[in-house]
Structure formats: C-alpha cells, structure tokens
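The file my_file-v1.cif contains mmCIF, C-alpha atoms:
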data_input
loop_
_atom_site.label_atom_id
_atom_site.label_comp_id
_atom_site.auth_asym_id
_atom_site.auth_seq_id
_atom_site.Cartn_x
_atom_site.Cartn_y
_atom_site.Cartn_z
CA MET A 1 109.63 54.95 93.35
CA ASN A 2 107.86 52.77 95.91
CA ALA A 3 104.66 50.77 95.44
CA ALA A 4 102.44 53.32 97.20
CA ILE A 5 103.56 56.13 94.87
CA GLY A 6 103.13 53.85 91.87
CA ALA A 7 99.59 53.03 92.96
CA ILE A 8 98.75 56.72 93.29
CA ILE A 9 100.08 57.43 89.79
CA GLU A 10 98.08 54.59 88.24
CA ASN A 11 94.91 55.76 89.97
CA LEU A 12 95.51 59.34 88.85
CA ASP A 13 95.78 58.09 85.27
CA GLN A 14 92.26 56.73 85.60
CA ILE A 15 91.01 59.98 87.11
CA ARG A 16 92.54 61.98 84.24
CA LEU A 17 90.70 59.75 81.77
CA VAL A 18 87.36 60.17 83.54
CA PHE A 19 87.86 63.95 83.78
CA SER A 20 88.93 64.31 80.14
CA LYS A 21 86.71 66.07 77.61
CA THR A 22 83.41 64.29 77.00
CA GLU A 23 82.76 63.08 73.47
CA THR A 24 80.21 65.24 71.66
CA ILE A 25 77.72 62.38 71.29
CA PHE A 26 77.53 62.13 75.11
CA SER A 27 77.50 65.88 75.85
CA LYS A 28 73.86 65.85 76.97
CA ASP A 29 74.31 62.85 79.25
CA THR A 30 75.41 65.05 82.12
CA LYS A 31 74.17 62.76 84.90
CA ASN A 32 76.28 59.75 83.93
CA THR A 33 79.25 61.99 83.16
CA GLY A 34 79.01 63.64 86.57
CA ASP A 35 78.38 60.36 88.38
CA SER A 36 81.46 58.76 86.81
CA LYS A 37 83.65 61.58 88.14
CA GLU A 38 82.27 61.19 91.66
CA VAL A 39 82.70 57.40 91.53
CA SER A 40 86.30 57.68 90.32
CA ILE A 41 87.22 59.98 93.23
CA SER A 42 85.36 57.81 95.74
CA GLU A 43 87.16 54.68 94.54
CA PHE A 44 90.50 56.51 94.64
CA LEU A 45 89.93 57.55 98.24
CA GLU A 46 88.69 54.13 99.32
CA SER A 47 91.80 52.50 97.86
CA PHE A 48 94.07 54.45 100.24
CA PHE A 49 91.99 54.56 103.41
CA PRO A 50 91.68 51.65 105.85
CA THR A 51 88.78 49.33 105.06
CA THR A 52 86.96 50.57 108.17
CA TYR A 53 86.52 53.97 106.48
CA THR A 54 83.81 54.43 103.86
CA VAL A 55 82.97 57.09 101.27
CA LYS A 56 79.35 58.19 100.84
CA LYS A 57 77.40 60.90 99.03
CA GLY A 58 74.75 62.99 100.72
CA LYS A 59 73.82 65.55 103.33
CA ILE A 60 75.66 65.71 106.64
CA TYR A 61 73.51 66.11 109.76
CA SER A 62 74.47 67.76 113.02
CA LEU A 63 72.27 67.90 116.12
CA ASP A 64 70.39 70.95 114.86
CA SER A 65 71.22 71.45 111.19
CA ASP A 66 72.33 69.83 107.94
CA SER A 67 74.62 70.59 105.02
CA GLN A 68 73.89 70.72 101.34
CA GLU A 69 74.50 67.46 99.46
CA ILE A 70 78.21 66.67 99.24
CA ASP A 71 79.76 64.47 96.54
CA CYS A 72 82.21 62.51 98.70
CA VAL A 73 81.91 62.25 102.47
CA ILE A 74 84.62 60.17 104.14
CA LEU A 75 83.21 58.43 107.19
CA HIS A 76 85.41 57.53 110.12
CA SER A 77 85.40 53.96 111.40
CA ILE A 78 83.37 55.12 114.42
CA HIS A 79 80.44 56.20 112.23
CA PRO A 80 77.41 53.93 112.79
CA ARG A 81 75.50 52.24 109.99
CA LEU A 82 72.43 54.45 110.39
CA PHE A 83 69.64 53.66 107.94
CA THR A 84 65.94 54.43 107.71
CA PRO A 85 63.52 52.92 105.17
CA LYS A 86 64.12 56.04 103.05
CA ARG A 87 67.78 56.99 103.44
CA GLU A 88 71.21 56.49 104.95
CA VAL A 89 71.97 59.17 107.53
CA ILE A 90 75.42 60.76 107.78
CA LEU A 91 76.24 62.23 111.20
CA ALA A 92 78.69 65.12 111.51
CA GLU A 93 80.49 63.57 114.48
CA GLY A 94 81.55 60.60 112.36
CA VAL A 95 82.75 62.53 109.30
CA TYR A 96 86.50 62.49 108.62
CA ALA A 97 86.37 64.90 105.66
CA ALA A 98 84.05 66.30 102.99
CA ILE A 99 85.00 66.62 99.30
CA GLU A 100 83.05 68.49 96.65
CA ILE A 101 83.94 67.65 93.03
CA LYS A 102 83.92 70.38 90.39
CA PRO A 103 85.54 69.45 87.04
CA ASP A 104 86.22 73.09 86.10
CA ILE A 105 86.50 76.00 88.54
CA LYS A 106 88.35 78.48 86.32
CA THR A 107 85.39 80.87 86.27
CA LEU A 108 85.29 83.03 89.39
CA THR A 109 81.88 84.69 89.56
CA ASN A 110 78.93 84.42 91.91
CA LYS A 111 77.15 82.18 89.37
CA SER A 112 80.12 79.88 88.73
CA GLU A 113 80.63 76.26 89.75
CA PHE A 114 83.42 77.39 92.06
CA HIS A 115 81.11 79.77 93.90
CA ARG A 116 78.49 77.03 94.18
CA GLY A 117 81.16 74.72 95.56
CA LEU A 118 82.13 77.32 98.15
CA LYS A 119 78.51 77.57 99.27
CA GLN A 120 78.30 73.79 99.58
CA ILE A 121 81.49 73.66 101.63
CA GLN A 122 80.30 76.60 103.73
CA SER A 123 77.19 74.59 104.60
CA VAL A 124 79.52 71.87 105.96
CA LYS A 125 81.68 74.32 107.90
CA ARG A 126 78.62 75.74 109.65
CA LEU A 127 77.71 72.40 111.20
CA GLN A 128 78.21 72.32 114.96
CA ARG A 129 79.86 69.27 116.51
CA LYS A 130 81.93 68.57 119.59
CA LEU A 131 84.60 65.91 119.30
CA PRO A 132 86.57 64.28 122.11
CA THR A 133 90.16 65.49 122.04
CA LEU A 134 93.48 64.90 123.79
CA HIS A 135 94.32 68.60 123.52
CA THR A 136 95.33 69.65 127.05
CA GLU A 137 96.92 73.08 126.64
CA GLY A 138 94.19 75.59 127.27
CA LYS A 139 90.95 75.91 125.34
CA VAL A 140 90.45 73.63 122.35
CA PRO A 141 90.38 75.74 119.15
CA GLU A 142 86.93 75.81 117.57
CA SER A 143 88.47 74.80 114.23
CA ARG A 144 89.26 71.36 115.72
CA HIS A 145 85.54 70.64 115.75
CA ARG A 146 84.88 71.69 112.15
CA ILE A 147 84.80 69.16 109.33
CA PRO A 148 87.87 69.35 107.05
CA SER A 149 86.60 70.15 103.56
CA VAL A 150 88.06 70.08 100.06
CA ILE A 151 87.09 71.20 96.57
CA PHE A 152 88.58 68.87 93.94
CA SER A 153 88.90 70.01 90.34
CA LYS A 154 90.71 69.15 87.13
CA GLU A 155 90.80 72.75 85.88
CA ALA A 156 91.40 75.87 87.97
CA ARG A 157 92.76 79.39 87.88
CA HIS A 158 96.09 80.29 89.45
CA ILE A 159 96.00 80.00 93.24
CA ASN A 160 96.53 83.75 93.68
CA ASP A 161 93.44 84.57 91.60
CA THR A 162 91.43 82.02 93.56
CA ILE A 163 92.52 83.37 96.94
CA ILE A 164 91.72 86.95 95.90
CA TYR A 165 88.22 85.85 94.89
CA ILE A 166 87.70 84.00 98.18
CA GLU A 167 88.90 87.02 100.17
CA GLU A 168 86.38 89.17 98.31
CA GLN A 169 83.64 86.73 99.27
CA ILE A 170 84.78 86.73 102.90
CA ASN A 171 84.45 90.50 103.00
CA LYS A 172 80.96 90.26 101.53
CA LYS A 173 79.53 87.10 103.06
CA GLY A 174 81.36 86.12 106.24
CA SER A 175 84.11 83.81 107.34
CA ILE A 176 85.74 81.16 105.13
CA CYS A 177 89.20 79.85 106.01
CA VAL A 178 91.24 78.66 103.05
CA SER A 179 94.60 77.25 102.11
CA GLY A 180 95.50 75.64 98.81
CA SER A 181 97.79 73.24 97.00
CA TYR A 182 98.37 74.01 93.33
CA PRO A 183 101.17 73.48 90.83
CA ASN A 184 103.50 76.46 91.18
CA SER A 185 104.84 78.71 88.46
CA SER A 186 108.08 76.75 88.09
CA GLU A 187 106.27 73.63 86.89
CA SER A 188 105.72 72.85 83.24
CA LYS A 189 102.54 73.68 81.36
CA ASP A 190 101.97 69.94 80.85
CA CYS A 191 102.00 69.35 84.60
CA LYS A 192 99.64 72.25 85.21
CA ALA A 193 97.24 70.85 82.65
CA ALA A 194 97.38 67.29 83.98
CA CYS A 195 97.50 67.67 87.76
CA PRO A 196 94.18 67.74 89.63
CA ARG A 197 93.65 70.72 91.94
CA PHE A 198 92.81 70.40 95.61
CA LEU A 199 91.54 73.40 97.56
CA MET A 200 91.43 72.82 101.30
CA LEU A 201 88.80 74.87 103.12
#
Once you've parsed the file, please lay out its structure as structure tokens.
Amino acid sequence: MNAAIGAIIENLDQIRLVFSKTETIFSKDTKNTGDSKEVSISEFLESFFPTTYTVKKGKIYSLDSDSQEIDCVILHSIHPRLFTPKREVILAEGVYAAIEIKPDIKTLTNKSEFHRGLKQIQSVKRLQRKLPTLHTEGKVPESRHRIPSVIFSKEARHINDTIIYIEEQINKKGSICVSGSYPNSSESKDCKAACPRFLML
C-alpha cells in the first residue's frame, strides 16, 4: 500500500464516523448533523485536489439560469473570487464537479431523498455553458459542456434497483444520463455496509 491509498483509507474512516448513526440525544439537531456530513466530504475532497481548487456550497449560475443549492461544488482554479455584499457567486464555467450528499438513498419513491437528489442534480445538468476544448474531430459532444455531477451516500439500494428507478423517471420526466459505482455482489456484507456509494450523473 502506498501513502496516497493510506491517506484515502484514513479519511474514509473519518467519513464513516461522521455518517454513523446519530445518538438519540442529538436526533433533533438535524442542522449540525447534516452540516458535519457536508464538511467531512468537503475536507476529504480538498485534501486530494490541488490547492488552487476549492470546495463551496451553494447555487451554480449560468448566463441565463441557476441550479438548486448543491452541497459540494468543486471550483476549478480558473474560477474567479466573485463576491457581493450578500453572497459568493459560483459560475458554471468555473465548476469542475457538483456533489450532492444524501446519507441514505435506499428509498426509491418520488418523495424520497434520492428523488430529491436527482432533482437537484438535474438542475445542475440543465445549466448551459460553453467551455473551450481541444476536441478537433468533428462537433464537440454537448455532454462535454455539462457539469459532472455525483450523488454521495452511505446507504443505498443495489445498483440494478437504482438504475431501474432512474430509467422509470427518464421515461416520465425527461433525460438523465447515469452510470454508477457500487460494491458488487461478490463483495462481503461488511464491505457493502461500510463503503460509501457514489452515483455519477
């Protein structure tokens, strides 16, 4: 094992602790509990990105629209420090990736946290931006201009169930492109319980 892998493992240990079951006495303190999860993921990301990249929380603005509020927005080094007296503004052209944090996305209904996360990510995917590219073979695919987006969760259903649900929503609501990375069926139950889930959209 090299130092980079060791650092990832140690950071994941901290994330598992933060995402573990909340003590009953603190069950109503949902704001601090939620904030701690977002902070732990932000710090994890910042520890592996160059120092010129930053992680923020907020809406993402394009020239003519904006997203819903996103938990972790990774800003590229080219993103300006754009402040007003009331807020920090995040511009779509300077966003490297968007990550929405949902501790538990096992429930797959239109009122679930997973569905809400999909709607938040969809609001990011709808943003229009045009990025400079070195792509020279024909027309640049439209997907190159969309913001890469992820739902992060500690608990999730099997990937097949999740994909079926997303496909159902595509048929009802419109276009969402999805691929996923989950523990597969050959892994132990302990690994499935401990490993965070990433769903790339």
- Query: Can you find the residues with an atom no farther than 10 Å from (73.3, 72.3, 115.2), counting only C-alpha atoms, and report them as a list in words?
  - Reply: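 Every polymer residue passing the test: Tyr61, Ser62, Leu63, Asp64, Ser65, Asp66, Ala92, Arg126, Leu127, Gln128 and Arg129 of chain A.
In terms of minimum interatomic distance to A:Ser42, A:Cys72 ranks closest within A:Cys72, A:Lys102, A:Val89, A:Asn110, counting all atoms listed in the file.
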- Message: (93.5, 56.6, 91.5) in this file's frame - what residues fall within 10 Å of it? Use all atoms listed in the file and give the answer as a list in words.
- Response: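 Those residues, ordered by chain and then number, are Ala7, Ile8, Ile9, Glu10, Asn11, Leu12, Asp13, Gln14, Ile15, Arg16, Ser40, Ile41, Ser42, Glu43, Phe44, Leu45, Glu46, Ser47 and Phe48 of chain A.
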- Message: Report, in Å to a single decimal, how far apart atom CA of A:Gln122 and atom CA of A:Pro148 are.
- Response: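 So the two atoms, atom CA of A:Pro148 and atom CA of A:Gln122, lie 11.0 Å apart.
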- Item | Closest of A:Pro103, A:Gly58, A:Pro132, A:Pro85 to A:Thr33 - atom-to-atom distances counting all atoms listed in the file |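 For A:Thr33, the nearest of the candidates is A:Pro103.
Computed from the coordinates, the atom CA of A:Gly117 to atom CA of A:His79 distance equals 24.9 Å.
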Please rebuild stretch 115-131 of chain A with N, CA, C and O atoms and give the result as an mmCIF file, keeping the file's coordinate frame.
data_model
loop_
_atom_site.group_PDB
_atom_site.id
_atom_site.type_symbol
_atom_site.label_atom_id
_atom_site.label_comp_id
_atom_site.auth_asym_id
_atom_site.auth_seq_id
_atom_site.Cartn_x
_atom_site.Cartn_y
_atom_site.Cartn_z
ATOM 1 N N HIS A 115 81.884 79.076 92.869
ATOM 2 C CA HIS A 115 81.110 79.770 93.900
ATOM 3 C C HIS A 115 80.080 78.818 94.512
ATOM 4 O O HIS A 115 79.875 78.810 95.731
ATOM 5 N N ARG A 116 79.457 78.003 93.663
ATOM 6 C CA ARG A 116 78.490 77.030 94.180
ATOM 7 C C ARG A 116 79.183 76.023 95.098
ATOM 8 O O ARG A 116 78.643 75.635 96.136
ATOM 9 N N GLY A 117 80.400 75.623 94.711
ATOM 10 C CA GLY A 117 81.160 74.720 95.560
ATOM 11 C C GLY A 117 81.496 75.339 96.908
ATOM 12 O O GLY A 117 81.430 74.673 97.949
ATOM 13 N N LEU A 118 81.847 76.631 96.897
ATOM 14 C CA LEU A 118 82.130 77.320 98.150
ATOM 15 C C LEU A 118 80.901 77.336 99.062
ATOM 16 O O LEU A 118 81.010 77.148 100.277
ATOM 17 N N LYS A 119 79.733 77.556 98.470
ATOM 18 C CA LYS A 119 78.510 77.570 99.270
ATOM 19 C C LYS A 119 78.226 76.190 99.859
ATOM 20 O O LYS A 119 77.772 76.074 101.001
ATOM 21 N N GLN A 120 78.506 75.147 99.072
ATOM 22 C CA GLN A 120 78.300 73.790 99.580
ATOM 23 C C GLN A 120 79.256 73.490 100.736
ATOM 24 O O GLN A 120 78.853 72.922 101.758
ATOM 25 N N ILE A 121 80.511 73.884 100.569
ATOM 26 C CA ILE A 121 81.490 73.660 101.630
ATOM 27 C C ILE A 121 81.156 74.522 102.852
ATOM 28 O O ILE A 121 81.303 74.091 104.000
ATOM 29 N N GLN A 122 80.684 75.735 102.613
ATOM 30 C CA GLN A 122 80.300 76.600 103.730
ATOM 31 C C GLN A 122 79.187 75.955 104.552
ATOM 32 O O GLN A 122 79.173 76.059 105.786
ATOM 33 N N SER A 123 78.276 75.255 103.873
ATOM 34 C CA SER A 123 77.190 74.590 104.600
ATOM 35 C C SER A 123 77.732 73.480 105.504
ATOM 36 O O SER A 123 77.141 73.169 106.544
ATOM 37 N N VAL A 124 78.864 72.886 105.115
ATOM 38 C CA VAL A 124 79.520 71.870 105.960
ATOM 39 C C VAL A 124 80.213 72.543 107.131
ATOM 40 O O VAL A 124 80.119 72.093 108.280
ATOM 41 N N LYS A 125 80.916 73.631 106.856
ATOM 42 C CA LYS A 125 81.680 74.320 107.900
ATOM 43 C C LYS A 125 80.780 74.901 108.990
ATOM 44 O O LYS A 125 81.223 75.109 110.125
ATOM 45 N N ARG A 126 79.536 75.162 108.662
ATOM 46 C CA ARG A 126 78.620 75.740 109.650
ATOM 47 C C ARG A 126 78.063 74.711 110.620
ATOM 48 O O ARG A 126 77.458 75.070 111.634
ATOM 49 N N LEU A 127 78.244 73.442 110.325
ATOM 50 C CA LEU A 127 77.710 72.400 111.200
ATOM 51 C C LEU A 127 78.429 72.423 112.552
ATOM 52 O O LEU A 127 79.650 72.503 112.618
ATOM 53 N N GLN A 128 77.657 72.328 113.607
ATOM 54 C CA GLN A 128 78.210 72.320 114.960
ATOM 55 C C GLN A 128 78.410 70.875 115.413
ATOM 56 O O GLN A 128 77.510 70.045 115.300
ATOM 57 N N ARG A 129 79.599 70.576 115.914
ATOM 58 C CA ARG A 129 79.860 69.270 116.510
ATOM 59 C C ARG A 129 80.945 69.428 117.561
ATOM 60 O O ARG A 129 81.787 70.324 117.471
ATOM 61 N N LYS A 130 80.921 68.562 118.539
ATOM 62 C CA LYS A 130 81.930 68.570 119.590
ATOM 63 C C LYS A 130 82.584 67.198 119.633
ATOM 64 O O LYS A 130 81.934 66.192 119.908
ATOM 65 N N LEU A 131 83.873 67.167 119.345
ATOM 66 C CA LEU A 131 84.600 65.910 119.300
ATOM 67 C C LEU A 131 85.468 65.742 120.539
ATOM 68 O O LEU A 131 86.022 66.719 121.047
#
